[in-house]
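Trainee: Hey, dropping data.pdb in here, PDB, C-alpha atoms:
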ATOM      1  CA  MET A 167       2.930  80.619 -37.614
ATOM      2  CA  LYS A 168       0.427  79.080 -40.006
ATOM      3  CA  ARG A 169       0.460  75.284 -40.141
ATOM      4  CA  PHE A 170      -0.887  73.026 -42.909
ATOM      5  CA  ALA A 171      -1.010  69.258 -43.568
ATOM      6  CA  ASP A 172      -1.256  69.258 -47.373
ATOM      7  CA  PHE A 173       0.222  71.458 -50.088
ATOM      8  CA  LYS A 174      -3.212  71.771 -51.710
ATOM      9  CA  HIS A 175      -4.455  73.658 -48.651
ATOM     10  CA  VAL A 176      -1.623  76.159 -49.022
ATOM     11  CA  LYS A 177      -2.363  76.543 -52.728
ATOM     12  CA  ALA A 178      -5.962  77.432 -51.840
ATOM     13  CA  LEU A 179      -4.675  80.586 -50.115
ATOM     14  CA  GLY A 180      -3.753  82.014 -53.508
ATOM     15  CA  PRO A 181      -0.414  83.251 -54.885
ATOM     16  CA  HIS A 182       2.079  84.390 -52.266
ATOM     17  CA  PRO A 183       5.839  84.593 -52.901
ATOM     18  CA  ARG A 184       8.012  82.924 -50.268
ATOM     19  CA  VAL A 185      11.469  81.691 -49.406
ATOM     20  CA  VAL A 186      11.186  77.931 -48.834
ATOM     21  CA  THR A 187      13.366  75.422 -47.045
ATOM     22  CA  ILE A 188      12.773  71.684 -47.200
ATOM     23  CA  GLY A 189      13.754  68.761 -44.983
ATOM     24  CA  ASN A 190      12.614  66.187 -42.461
ATOM     25  CA  PHE A 191      14.113  68.327 -39.667
ATOM     26  CA  ASP A 192      13.847  65.524 -37.123
ATOM     27  CA  GLY A 193      15.212  67.018 -33.915
ATOM     28  CA  VAL A 194      15.647  70.493 -35.438
ATOM     29  CA  HIS A 195      19.348  70.158 -34.650
ATOM     30  CA  LEU A 196      22.112  72.713 -35.270
ATOM     31  CA  GLY A 197      22.546  71.612 -38.880
ATOM     32  CA  HIS A 198      18.862  72.183 -39.556
ATOM     33  CA  ARG A 199      18.992  75.528 -37.791
ATOM     34  CA  ALA A 200      21.863  76.676 -39.999
ATOM     35  CA  VAL A 201      19.800  76.035 -43.144
ATOM     36  CA  ILE A 202      16.714  77.690 -41.665
ATOM     37  CA  SER A 203      18.751  80.676 -40.458
ATOM     38  CA  ALA A 204      20.144  81.267 -43.956
ATOM     39  CA  ALA A 205      16.636  81.045 -45.395
ATOM     40  CA  ARG A 206      15.279  83.420 -42.722
ATOM     41  CA  ALA A 207      17.961  85.984 -43.529
ATOM     42  CA  GLN A 208      17.107  85.793 -47.230
ATOM     43  CA  ALA A 209      13.385  86.144 -46.522
ATOM     44  CA  ASP A 210      14.012  89.213 -44.374
ATOM     45  CA  ALA A 211      16.251  90.765 -47.020
ATOM     46  CA  CYS A 212      13.541  90.299 -49.657
ATOM     47  CA  GLY A 213      10.549  91.119 -47.468
ATOM     48  CA  LEU A 214       9.093  87.625 -47.941
ATOM     49  CA  GLU A 215       7.569  84.955 -45.729
ATOM     50  CA  LEU A 216       9.678  81.970 -44.754
ATOM     51  CA  ALA A 217       7.995  78.626 -45.369
ATOM     52  CA  VAL A 218       9.260  75.261 -44.145
ATOM     53  CA  LEU A 219       8.216  72.080 -45.902
ATOM     54  CA  THR A 220       8.614  68.934 -43.838
ATOM     55  CA  PHE A 221       6.953  65.526 -43.819
ATOM     56  CA  ASP A 222       4.910  63.287 -41.529
ATOM     57  CA  PRO A 223       5.348  60.404 -41.306
ATOM     58  CA  HIS A 224       9.057  60.311 -42.097
ATOM     59  CA  PRO A 225       9.422  59.240 -45.763
ATOM     60  CA  ALA A 226      11.565  56.282 -44.686
ATOM     61  CA  ASP A 227       8.599  54.862 -42.747
ATOM     62  CA  LEU A 228       6.759  54.441 -46.045
ATOM     63  CA  LEU A 229       9.647  53.775 -48.431
ATOM     64  CA  GLU A 230      11.775  51.600 -46.135
ATOM     65  CA  PRO A 231       9.318  50.059 -43.638
ATOM     66  CA  HIS A 232      11.866  47.425 -42.547
ATOM     67  CA  GLN A 233      14.087  50.248 -41.247
ATOM     68  CA  GLN A 234      11.549  52.210 -39.252
ATOM     69  CA  ARG A 235      13.145  54.445 -36.656
ATOM     70  CA  MET A 236      11.929  56.288 -33.590
ATOM     71  CA  ARG A 237      11.925  60.016 -34.163
ATOM     72  CA  LEU A 238      13.799  62.505 -32.024
ATOM     73  CA  VAL A 239      10.820  64.824 -31.501
ATOM     74  CA  THR A 240       7.071  64.578 -32.002
ATOM     75  CA  ALA A 241       5.419  66.491 -34.837
ATOM     76  CA  ASP A 242       4.026  69.043 -32.374
ATOM     77  CA  ARG A 243       7.387  69.575 -30.671
ATOM     78  CA  LYS A 244       9.050  69.963 -34.061
ATOM     79  CA  ALA A 245       6.522  72.673 -34.907
ATOM     80  CA  GLU A 246       7.349  74.487 -31.646
ATOM     81  CA  LEU A 247      11.065  74.362 -32.387
ATOM     82  CA  LEU A 248      10.544  75.613 -35.939
ATOM     83  CA  LEU A 249       8.453  78.489 -34.614
ATOM     84  CA  GLU A 250      11.428  79.420 -32.413
ATOM     85  CA  CYS A 251      13.485  79.606 -35.631
ATOM     86  CA  GLY A 252      11.214  82.307 -37.023
ATOM     87  CA  VAL A 253       9.193  80.273 -39.521
ATOM     88  CA  ASP A 254       6.063  81.981 -40.887
ATOM     89  CA  LEU A 255       4.382  79.032 -42.591
ATOM     90  CA  LEU A 256       4.826  75.348 -41.802
ATOM     91  CA  LEU A 257       3.683  72.682 -44.225
ATOM     92  CA  VAL A 258       3.834  69.259 -42.561
ATOM     93  CA  GLN A 259       3.033  67.340 -45.713
ATOM     94  CA  ASN A 260       1.256  64.018 -45.208
ATOM     95  CA  PHE A 261       3.757  61.648 -46.818
ATOM     96  CA  ASP A 262       1.413  58.993 -48.182
ATOM     97  CA  GLY A 263       1.404  56.791 -51.277
ATOM     98  CA  PRO A 264       0.069  59.383 -53.761
ATOM     99  CA  PHE A 265       2.475  62.075 -52.569
ATOM    100  CA  SER A 266       5.438  59.689 -52.745
ATOM    101  CA  GLU A 267       4.589  59.016 -56.402
ATOM    102  CA  LEU A 268       5.006  62.656 -57.460
ATOM    103  CA  SER A 269       7.854  62.955 -59.931
ATOM    104  CA  ALA A 270      10.632  65.442 -59.306
ATOM    105  CA  ARG A 271       9.142  67.710 -61.974
ATOM    106  CA  GLN A 272       5.678  67.535 -60.390
ATOM    107  CA  PHE A 273       7.108  68.253 -56.933
ATOM    108  CA  ALA A 274       8.896  71.345 -58.217
ATOM    109  CA  SER A 275       5.922  72.709 -60.148
ATOM    110  CA  ARG A 276       2.919  71.681 -58.044
ATOM    111  CA  VAL A 277       4.337  71.939 -54.537
ATOM    112  CA  LEU A 278       7.144  74.495 -54.678
ATOM    113  CA  ARG A 279       5.891  76.847 -57.400
ATOM    114  CA  ASP A 280       2.091  76.574 -57.405
ATOM    115  CA  ALA A 281       1.424  75.970 -53.701
ATOM    116  CA  LEU A 282       4.319  77.563 -51.822
ATOM    117  CA  GLY A 283       5.144  80.334 -54.283
ATOM    118  CA  ALA A 284       8.858  79.632 -53.967
ATOM    119  CA  GLN A 285      11.180  82.432 -55.028
ATOM    120  CA  LYS A 286      14.286  80.886 -53.459
ATOM    121  CA  VAL A 287      14.667  77.356 -52.072
ATOM    122  CA  TYR A 288      17.182  76.351 -49.387
ATOM    123  CA  VAL A 289      18.102  72.681 -48.903
ATOM    124  CA  GLY A 290      20.937  70.648 -47.429
ATOM    125  CA  GLU A 291      23.618  69.598 -49.894
ATOM    126  CA  ASN A 292      22.480  65.939 -49.765
ATOM    127  CA  PHE A 293      18.824  66.745 -50.560
ATOM    128  CA  ARG A 294      16.952  64.227 -52.754
ATOM    129  CA  PHE A 295      13.361  64.454 -53.966
ATOM    130  CA  GLY A 296      10.786  63.034 -56.344
ATOM    131  CA  ARG A 297       9.559  59.478 -56.924
ATOM    132  CA  GLY A 298      12.208  57.046 -55.684
ATOM    133  CA  ARG A 299      14.447  59.989 -54.650
ATOM    134  CA  GLU A 300      15.216  60.397 -58.326
ATOM    135  CA  ALA A 301      16.630  63.921 -58.249
ATOM    136  CA  GLY A 302      19.048  66.098 -56.308
ATOM    137  CA  ILE A 303      20.146  69.725 -56.114
ATOM    138  CA  GLU A 304      21.336  69.901 -59.706
ATOM    139  CA  GLU A 305      17.959  68.780 -61.024
ATOM    140  CA  LEU A 306      16.152  71.063 -58.565
ATOM    141  CA  ASP A 307      18.186  73.975 -59.890
ATOM    142  CA  ASP A 308      17.144  73.087 -63.449
ATOM    143  CA  PHE A 309      13.476  72.848 -62.486
ATOM    144  CA  GLY A 310      13.785  76.112 -60.589
ATOM    145  CA  ALA A 311      15.012  77.891 -63.699
ATOM    146  CA  ARG A 312      11.804  76.812 -65.450
ATOM    147  CA  CYS A 313       9.507  77.441 -62.487
ATOM    148  CA  GLY A 314      10.877  80.828 -61.443
ATOM    149  CA  PHE A 315      12.871  80.060 -58.294
ATOM    150  CA  THR A 316      16.557  79.782 -57.460
ATOM    151  CA  VAL A 317      18.172  77.111 -55.299
ATOM    152  CA  GLU A 318      20.754  77.353 -52.537
ATOM    153  CA  GLY A 319      22.409  74.140 -51.336
ATOM    154  CA  GLN A 320      23.703  74.506 -47.776
ATOM    155  CA  GLU A 321      26.847  72.657 -46.723
ATOM    156  CA  ILE A 322      26.241  70.223 -43.879
ATOM    157  CA  ILE A 323      27.961  71.583 -40.771
ATOM    158  CA  GLU A 324      30.262  69.445 -38.645
ATOM    159  CA  ASN A 325      30.942  68.785 -34.994
ATOM    160  CA  ARG A 326      34.008  66.903 -33.782
ATOM    161  CA  GLY A 327      35.022  66.110 -37.348
ATOM    162  CA  ASP A 328      31.745  64.543 -38.461
ATOM    163  CA  HIS A 329      28.532  65.801 -40.031
ATOM    164  CA  ILE A 330      25.668  66.801 -37.779
ATOM    165  CA  SER A 331      22.720  64.607 -38.733
ATOM    166  CA  SER A 332      19.619  63.098 -37.153
ATOM    167  CA  SER A 333      20.970  59.591 -37.734
ATOM    168  CA  ARG A 334      24.211  60.456 -35.928
ATOM    169  CA  ILE A 335      22.225  61.852 -32.989
ATOM    170  CA  ARG A 336      20.116  58.677 -32.816
ATOM    171  CA  ALA A 337      23.278  56.561 -32.731
ATOM    172  CA  LEU A 338      24.751  58.693 -29.937
ATOM    173  CA  LEU A 339      21.578  58.450 -27.868
ATOM    174  CA  LEU A 340      21.396  54.689 -28.222
ATOM    175  CA  LYS A 341      24.973  54.516 -26.892
ATOM    176  CA  GLY A 342      23.980  56.717 -23.958
ATOM    177  CA  GLU A 343      26.126  59.628 -25.133
ATOM    178  CA  VAL A 344      23.491  62.213 -24.294
ATOM    179  CA  GLY A 345      26.028  64.989 -23.675
ATOM    180  CA  THR A 346      27.420  64.812 -27.208
ATOM    181  CA  ALA A 347      23.892  64.468 -28.607
ATOM    182  CA  ALA A 348      22.972  67.679 -26.781
ATOM    183  CA  GLU A 349      25.896  69.467 -28.468
ATOM    184  CA  LEU A 350      24.492  68.537 -31.873
ATOM    185  CA  LEU A 351      20.887  69.330 -30.964
ATOM    186  CA  GLY A 352      21.758  72.619 -29.295
ATOM    187  CA  ARG A 353      19.762  71.486 -26.239
ATOM    188  CA  PRO A 354      19.327  68.321 -24.135
ATOM    189  CA  HIS A 355      17.406  65.448 -25.688
ATOM    190  CA  GLU A 356      13.934  65.324 -24.186
ATOM    191  CA  VAL A 357      11.403  62.557 -23.642
ATOM    192  CA  THR A 358       7.784  63.350 -22.833
ATOM    193  CA  GLY A 359       5.353  60.954 -21.197
ATOM    194  CA  ARG A 360       2.469  60.562 -18.790
ATOM    195  CA  ILE A 361       3.359  59.781 -15.178
ATOM    196  CA  ALA A 362       1.673  56.473 -14.422
ATOM    197  CA  HIS A 363       1.522  54.022 -11.531
ATOM    198  CA  GLY A 364       4.171  51.323 -11.654
ATOM    199  CA  HIS A 365       4.998  48.526  -9.215
ATOM    200  CA  HIS A 366       5.881  51.073  -6.471
ATOM    201  CA  LYS A 367       9.110  49.162  -5.873
ATOM    202  CA  GLY A 368      11.181  52.341  -5.938
ATOM    203  CA  ARG A 369       9.153  53.776  -3.057
ATOM    204  CA  GLU A 370       9.634  50.560  -1.085
ATOM    205  CA  LEU A 371      13.384  50.857  -1.626
ATOM    206  CA  GLY A 372      13.452  54.502  -0.540
ATOM    207  CA  PHE A 373      13.681  56.042  -4.003
ATOM    208  CA  PRO A 374      10.192  56.763  -5.394
ATOM    209  CA  THR A 375      10.140  57.260  -9.146
ATOM    210  CA  ALA A 376       7.915  58.869 -11.751
ATOM    211  CA  ASN A 377       7.231  56.224 -14.402
ATOM    212  CA  LEU A 378       6.748  57.684 -17.883
ATOM    213  CA  LYS A 379       4.307  56.005 -20.269
ATOM    214  CA  ASP A 380       2.998  56.799 -23.772
ATOM    215  CA  ILE A 381       6.439  57.881 -24.993
ATOM    216  CA  GLU A 382       6.575  58.614 -28.736
ATOM    217  CA  VAL A 383      10.251  59.457 -29.287
ATOM    218  CA  LEU A 384      13.595  57.694 -29.088
ATOM    219  CA  CYS A 385      14.830  56.945 -25.577
ATOM    220  CA  PRO A 386      18.544  56.872 -24.742
ATOM    221  CA  GLY A 387      20.280  53.547 -24.274
ATOM    222  CA  PRO A 388      20.019  51.645 -20.987
ATOM    223  CA  GLY A 389      21.569  53.275 -17.960
ATOM    224  CA  ILE A 390      21.342  55.883 -15.232
ATOM    225  CA  TYR A 391      21.373  59.564 -16.170
ATOM    226  CA  ALA A 392      21.644  62.942 -14.498
ATOM    227  CA  ALA A 393      18.502  64.669 -15.735
ATOM    228  CA  ARG A 394      15.931  67.319 -15.108
ATOM    229  CA  CYS A 395      12.200  66.755 -15.196
ATOM    230  CA  ARG A 396       9.549  69.361 -15.903
ATOM    231  CA  VAL A 397       6.056  68.769 -14.533
ATOM    232  CA  ALA A 398       3.355  71.467 -14.581
ATOM    233  CA  GLN A 399       5.932  74.220 -15.216
ATOM    234  CA  LYS A 400       8.071  73.133 -12.253
ATOM    235  CA  LEU A 401      11.594  71.823 -12.904
ATOM    236  CA  TYR A 402      13.065  69.101 -10.691
ATOM    237  CA  ASP A 403      16.566  67.671 -10.511
ATOM    238  CA  ALA A 404      16.382  63.958 -11.247
ATOM    239  CA  ALA A 405      18.246  60.688 -11.520
ATOM    240  CA  ALA A 406      16.665  58.943 -14.516
ATOM    241  CA  TYR A 407      16.707  55.271 -15.427
ATOM    242  CA  VAL A 408      16.161  53.705 -18.846
ATOM    243  CA  GLY A 409      16.283  49.932 -19.207
ATOM    244  CA  ASN A 410      14.807  46.514 -18.543
ATOM    245  CA  ARG A 411      15.180  46.405 -14.742
ATOM    246  CA  PRO A 412      17.223  43.165 -14.696
ATOM    247  CA  THR A 413      17.429  43.033 -10.888
ATOM    248  CA  LEU A 414      13.707  43.533 -10.208
ATOM    249  CA  GLY A 415      12.460  41.811 -13.361
ATOM    250  CA  HIS A 416       9.588  44.169 -14.209
ATOM    251  CA  GLY A 417      10.499  44.819 -17.843
ATOM    252  CA  PHE A 418      11.355  47.992 -19.770
ATOM    253  CA  ALA A 419      10.937  51.308 -17.986
ATOM    254  CA  VAL A 420      11.694  54.990 -18.268
ATOM    255  CA  GLU A 421      11.528  56.409 -14.785
ATOM    256  CA  ALA A 422      13.002  59.248 -12.788
ATOM    257  CA  HIS A 423      13.636  59.820  -9.117
ATOM    258  CA  LEU A 424      12.715  63.480  -8.612
ATOM    259  CA  MET A 425      14.917  64.980  -5.933
ATOM    260  CA  ASP A 426      13.301  66.937  -3.126
ATOM    261  CA  CYS A 427       9.805  66.179  -4.391
ATOM    262  CA  ASP A 428       6.986  64.686  -2.323
ATOM    263  CA  GLU A 429       4.045  65.728  -4.515
ATOM    264  CA  ASP A 430       1.451  63.426  -6.089
ATOM    265  CA  LEU A 431       2.152  63.784  -9.814
ATOM    266  CA  TYR A 432       0.267  60.790 -11.201
ATOM    267  CA  GLY A 433      -1.565  61.436 -14.450
ATOM    268  CA  GLN A 434       0.417  64.553 -15.319
ATOM    269  CA  GLN A 435       2.615  65.075 -18.371
ATOM    270  CA  ALA A 436       6.344  65.162 -17.689
ATOM    271  CA  VAL A 437       9.286  66.166 -19.848
ATOM    272  CA  LEU A 438      12.562  64.464 -19.008
ATOM    273  CA  TYR A 439      15.766  66.217 -20.138
ATOM    274  CA  PHE A 440      18.830  63.938 -20.328
ATOM    275  CA  LEU A 441      22.034  65.769 -19.414
ATOM    276  CA  GLU A 442      24.733  63.179 -18.710
ATOM    277  CA  ARG A 443      25.029  59.415 -18.391
ATOM    278  CA  ILE A 444      26.240  58.214 -14.983
ATOM    279  CA  ARG A 445      26.618  54.513 -15.745
ATOM    280  CA  GLY A 446      25.278  51.656 -17.823
ATOM    281  CA  GLU A 447      22.693  49.104 -16.771
ATOM    282  CA  LEU A 448      23.775  46.542 -14.161
ATOM    283  CA  LYS A 449      22.230  43.477 -12.562
ATOM    284  CA  PHE A 450      22.699  43.174  -8.809
ATOM    285  CA  ALA A 451      22.796  40.034  -6.694
ATOM    286  CA  ASP A 452      20.170  41.345  -4.287
ATOM    287  CA  GLU A 453      18.064  44.397  -3.427
ATOM    288  CA  ALA A 454      20.478  45.579  -0.726
ATOM    289  CA  ARG A 455      23.258  46.018  -3.275
ATOM    290  CA  LEU A 456      20.853  47.697  -5.669
ATOM    291  CA  VAL A 457      19.827  50.205  -2.974
ATOM    292  CA  ALA A 458      23.458  50.955  -2.126
ATOM    293  CA  GLN A 459      24.170  51.676  -5.791
ATOM    294  CA  MET A 460      21.035  53.820  -6.062
ATOM    295  CA  ARG A 461      22.281  55.988  -3.202
ATOM    296  CA  THR A 462      25.592  56.439  -5.031
ATOM    297  CA  ASP A 463      23.838  57.187  -8.344
ATOM    298  CA  VAL A 464      21.500  59.793  -6.871
ATOM    299  CA  ALA A 465      24.342  61.507  -5.009
ATOM    300  CA  ARG A 466      26.423  61.637  -8.185
ATOM    301  CA  ALA A 467      23.492  62.940 -10.211
ATOM    302  CA  ARG A 468      22.924  65.675  -7.638
ATOM    303  CA  ARG A 469      26.589  66.734  -7.817
ATOM    304  CA  LEU A 470      26.599  66.773 -11.629
ATOM    305  CA  LEU A 471      23.448  68.857 -11.763
ATOM    306  CA  GLU A 472      24.840  71.317  -9.223
ATOM    307  CA  GLU A 473      28.020  71.635 -11.302
ATOM    308  CA  LYS A 474      26.026  72.332 -14.449
ATOM    309  CA  ARG A 475      24.034  74.986 -12.612
ATOM    310  CA  GLY A 476      27.218  76.630 -11.363
TER     311      GLY A 476
END
Starting from the file, give its structure as structure tokens.
Mentor:
Amino acid sequence: MKRFADFKHVKALGPHPRVVTIGNFDGVHLGHRAVISAARAQADACGLELAVLTFDPHPADLLEPHQQRMRLVTADRKAELLLECGVDLLLVQNFDGPFSELSARQFASRVLRDALGAQKVYVGENFRFGRGREAGIEELDDFGARCGFTVEGQEIIENRGDHISSSRIRALLLKGEVGTAAELLGRPHEVTGRIAHGHHKGRELGFPTANLKDIEVLCPGPGIYAARCRVAQKLYDAAAYVGNRPTLGHGFAVEAHLMDCDEDLYGQQAVLYFLERIRGELKFADEARLVAQMRTDVARARRLLEEKRG
């Protein structure tokens, strides 16, 4: 897969007809995959490349800075997931001031026609584009007729009676509903970080934990989770904690007790996969009660993970 950061770099490759799909694709969830799958099928039928146009940072970060949101996946992870979908060319357009000022007409002609060589464009039915989100599918279809491409608006797919969307997944994660979020993503939500030294309180209490730092994506809401943790290609069962540690008073943490692991993992990258929430965050009267609950939580996490394996 070829990857670019500006449409002008793609244009420099010279004319090349493609099927194009456009979106933020945060999380590359099942709704996104449906659009990309339809575009891939069309590209195969026509013998064309499939190009995906997405944006970094998220347009809302620039246009609505007071509503900035944590993304579901990093830009690099999104690229990996799009590659799994069979994308040939990925344009992660730098969404800066000048790009945001392109009119709808300029976007259609300069980006879609001149740079990406669009023959057919696939978008979600709620797609908006151009300065101030001035245009939608109807206008894109009109511009396409002038620029030489056709447009296919894909209906947003549903799960449990509601649309699958990145915003819905964020809301579910913040409520701790990681199981339902996984249904919409098509995989467990994952958080990547560097294993760093903490206060070593977990080890003192009999439950050593891997503390994840430098996290760049949305974390689930506070609580204890049955999870799995991948470190250096090895996958561990885990009981994960997200929260502010009200009993110990050490502030916000994302940490995981890796079952049956006695290795020194400090400094390594870890990926934590959230499978099911066990309980919400609680404050305990003393450490003894906290330890008793930790034993219960780890035992329950182990049972849940065994059930999912079976």
Trainee: The PyMOL selection byres ((chain A and resi 277-287) around 9) on the file shown: which residues, as a ChimeraX atom specification?
Mentor: /A:173-188,205,208-209,217,219,272-276,288-289,310,313-319
Trainee: Convert the current residue selection to file output with C-alpha atoms, as a PDB file, in the coordinates of the input.
Mentor:
ATOM      1  CA  PHE A 173       0.222  71.458 -50.088  1.00  0.00           C
ATOM      2  CA  LYS A 174      -3.212  71.771 -51.710  1.00  0.00           C
ATOM      3  CA  HIS A 175      -4.455  73.658 -48.651  1.00  0.00           C
ATOM      4  CA  VAL A 176      -1.623  76.159 -49.022  1.00  0.00           C
ATOM      5  CA  LYS A 177      -2.363  76.543 -52.728  1.00  0.00           C
ATOM      6  CA  ALA A 178      -5.962  77.432 -51.840  1.00  0.00           C
ATOM      7  CA  LEU A 179      -4.675  80.586 -50.115  1.00  0.00           C
ATOM      8  CA  GLY A 180      -3.753  82.014 -53.508  1.00  0.00           C
ATOM      9  CA  PRO A 181      -0.414  83.251 -54.885  1.00  0.00           C
ATOM     10  CA  HIS A 182       2.079  84.390 -52.266  1.00  0.00           C
ATOM     11  CA  PRO A 183       5.839  84.593 -52.901  1.00  0.00           C
ATOM     12  CA  ARG A 184       8.012  82.924 -50.268  1.00  0.00           C
ATOM     13  CA  VAL A 185      11.469  81.691 -49.406  1.00  0.00           C
ATOM     14  CA  VAL A 186      11.186  77.931 -48.834  1.00  0.00           C
ATOM     15  CA  THR A 187      13.366  75.422 -47.045  1.00  0.00           C
ATOM     16  CA  ILE A 188      12.773  71.684 -47.200  1.00  0.00           C
ATOM     17  CA  ALA A 205      16.636  81.045 -45.395  1.00  0.00           C
ATOM     18  CA  GLN A 208      17.107  85.793 -47.230  1.00  0.00           C
ATOM     19  CA  ALA A 209      13.385  86.144 -46.522  1.00  0.00           C
ATOM     20  CA  ALA A 217       7.995  78.626 -45.369  1.00  0.00           C
ATOM     21  CA  LEU A 219       8.216  72.080 -45.902  1.00  0.00           C
ATOM     22  CA  GLN A 272       5.678  67.535 -60.390  1.00  0.00           C
ATOM     23  CA  PHE A 273       7.108  68.253 -56.933  1.00  0.00           C
ATOM     24  CA  ALA A 274       8.896  71.345 -58.217  1.00  0.00           C
ATOM     25  CA  SER A 275       5.922  72.709 -60.148  1.00  0.00           C
ATOM     26  CA  ARG A 276       2.919  71.681 -58.044  1.00  0.00           C
ATOM     27  CA  TYR A 288      17.182  76.351 -49.387  1.00  0.00           C
ATOM     28  CA  VAL A 289      18.102  72.681 -48.903  1.00  0.00           C
ATOM     29  CA  GLY A 310      13.785  76.112 -60.589  1.00  0.00           C
ATOM     30  CA  CYS A 313       9.507  77.441 -62.487  1.00  0.00           C
ATOM     31  CA  GLY A 314      10.877  80.828 -61.443  1.00  0.00           C
ATOM     32  CA  PHE A 315      12.871  80.060 -58.294  1.00  0.00           C
ATOM     33  CA  THR A 316      16.557  79.782 -57.460  1.00  0.00           C
ATOM     34  CA  VAL A 317      18.172  77.111 -55.299  1.00  0.00           C
ATOM     35  CA  GLU A 318      20.754  77.353 -52.537  1.00  0.00           C
ATOM     36  CA  GLY A 319      22.409  74.140 -51.336  1.00  0.00           C
TER      37      GLY A 319
END
Trainee: Please expand the PyMOL selection byres ((chain A and resi 347) around 12) into the concrete residues it hits in this file, giving the result as an NGL selection string.
Mentor: :A and (193 or 195-196 or 238 or 325-326 or 330-346 or 348-356 or 386 or 439-443)
Trainee: Contacts between range 419-436 of chain A and range 319-410 of chain A, please, where a residue of range 319-410 of chain A counts if it comes within 7 Å (with only C-alpha atoms); show its shortest atom pair and distance in Å to one decimal, rows by chain and ascending number, as a tab-separated table.
Mentor:
residue	atom	partner	partner_atom	distance
A:Thr358	CA	A:Ala436	CA	5.6
A:Gly359	CA	A:Ala436	CA	5.6
A:Arg360	CA	A:Gln435	CA	4.5
A:Ile361	CA	A:Tyr432	CA	5.1
A:Ala362	CA	A:Tyr432	CA	5.6
A:His363	CA	A:Tyr432	CA	6.9
A:Phe373	CA	A:His423	CA	6.4
A:Pro374	CA	A:His423	CA	5.9
A:Thr375	CA	A:His423	CA	4.3
A:Ala376	CA	A:Ala422	CA	5.2
A:Asn377	CA	A:Glu421	CA	4.3
A:Leu378	CA	A:Val420	CA	5.6
A:Cys395	CA	A:Ala436	CA	6.6
A:Arg396	CA	A:Ala436	CA	5.6
A:Val397	CA	A:Ala436	CA	4.8
A:Tyr402	CA	A:Leu424	CA	6.0
A:Asp403	CA	A:Met425	CA	5.6
A:Ala404	CA	A:Leu424	CA	4.5
A:Ala405	CA	A:His423	CA	5.3
A:Ala406	CA	A:Ala422	CA	4.1
A:Tyr407	CA	A:Glu421	CA	5.3
A:Val408	CA	A:Val420	CA	4.7
A:Gly409	CA	A:Ala419	CA	5.7
A:Asn410	CA	A:Ala419	CA	6.2
Trainee: What gap, in Å, lies between CA of Leu214 in chain A and CA of Val258 in chain A?
Mentor: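 Value for the CA of Leu214 in chain A-CA of Val258 in chain A distance: 19.8 Å.
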Trainee: Take the point (8.1, 83.3, -39.4) as written in the file and pick out every residue within 8 Å of it, counting all atoms listed in the file; give the list as a list in words.
Mentor: Met167, Arg206, Glu215, Leu216, Ala217, Leu249, Cys251, Gly252, Val253, Asp254 and Leu255 of chain A
Trainee: For this structure, which residues satisfy the selection - the PyMOL selection byres ((chain A and resi 260) around 10) - when it is evaluated on the file as given? I want them as a ChimeraX atom specification.
Mentor: /A:170-173,220-225,257-259,261-266
Trainee: Using only C-alpha atoms, can you tell me which of A:Leu414, A:Ile303, A:Ala241, A:Ala392 comes closest to Lys474 in chain A?
Mentor: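 Using only C-alpha atoms, Lys474 in chain A sits closest to A:Ala392.
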Trainee: Hey, can you check how far CA of Glu250 in chain A sits from CA of Cys385 in chain A?
Mentor: 23.7 Å
Trainee: What lies within 8 Å of Ala467 in chain A using all atoms listed in the file, ignoring chain neighbours under 2 positions off, as a VMD selection string?
Mentor: chain A and resid 391 to 393 404 to 405 444 463 to 465 469 to 471
Trainee: Excluding Glu321 in chain A and residues on its chain fewer than 4 positions from it, collect all residues at most 12 Å away from it, counting all atoms listed in the file, and give them as an MDAnalysis selection string.
Mentor: chainID A and resid 197:198 200:201 204 288:293 303 329:330
Trainee: Could you save those same residues with C-alpha atoms as a PDB file, in the coordinates of the input?
Mentor:
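File written: again09.pdb
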ATOM      1  CA  GLY A 197      22.546  71.612 -38.880  1.00  0.00           C
ATOM      2  CA  HIS A 198      18.862  72.183 -39.556  1.00  0.00           C
ATOM      3  CA  ALA A 200      21.863  76.676 -39.999  1.00  0.00           C
ATOM      4  CA  VAL A 201      19.800  76.035 -43.144  1.00  0.00           C
ATOM      5  CA  ALA A 204      20.144  81.267 -43.956  1.00  0.00           C
ATOM      6  CA  TYR A 288      17.182  76.351 -49.387  1.00  0.00           C
ATOM      7  CA  VAL A 289      18.102  72.681 -48.903  1.00  0.00           C
ATOM      8  CA  GLY A 290      20.937  70.648 -47.429  1.00  0.00           C
ATOM      9  CA  GLU A 291      23.618  69.598 -49.894  1.00  0.00           C
ATOM     10  CA  ASN A 292      22.480  65.939 -49.765  1.00  0.00           C
ATOM     11  CA  PHE A 293      18.824  66.745 -50.560  1.00  0.00           C
ATOM     12  CA  ILE A 303      20.146  69.725 -56.114  1.00  0.00           C
ATOM     13  CA  HIS A 329      28.532  65.801 -40.031  1.00  0.00           C
ATOM     14  CA  ILE A 330      25.668  66.801 -37.779  1.00  0.00           C
TER      15      ILE A 330
END
Trainee: Name the closest residue to Leu248 in chain A among the candidates A:Phe295, A:Phe309, A:Phe191, A:Phe418; distances are taken between atoms, counting all atoms listed in the file.
Mentor: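 Smallest distance to Leu248 in chain A is found for A:Phe191.
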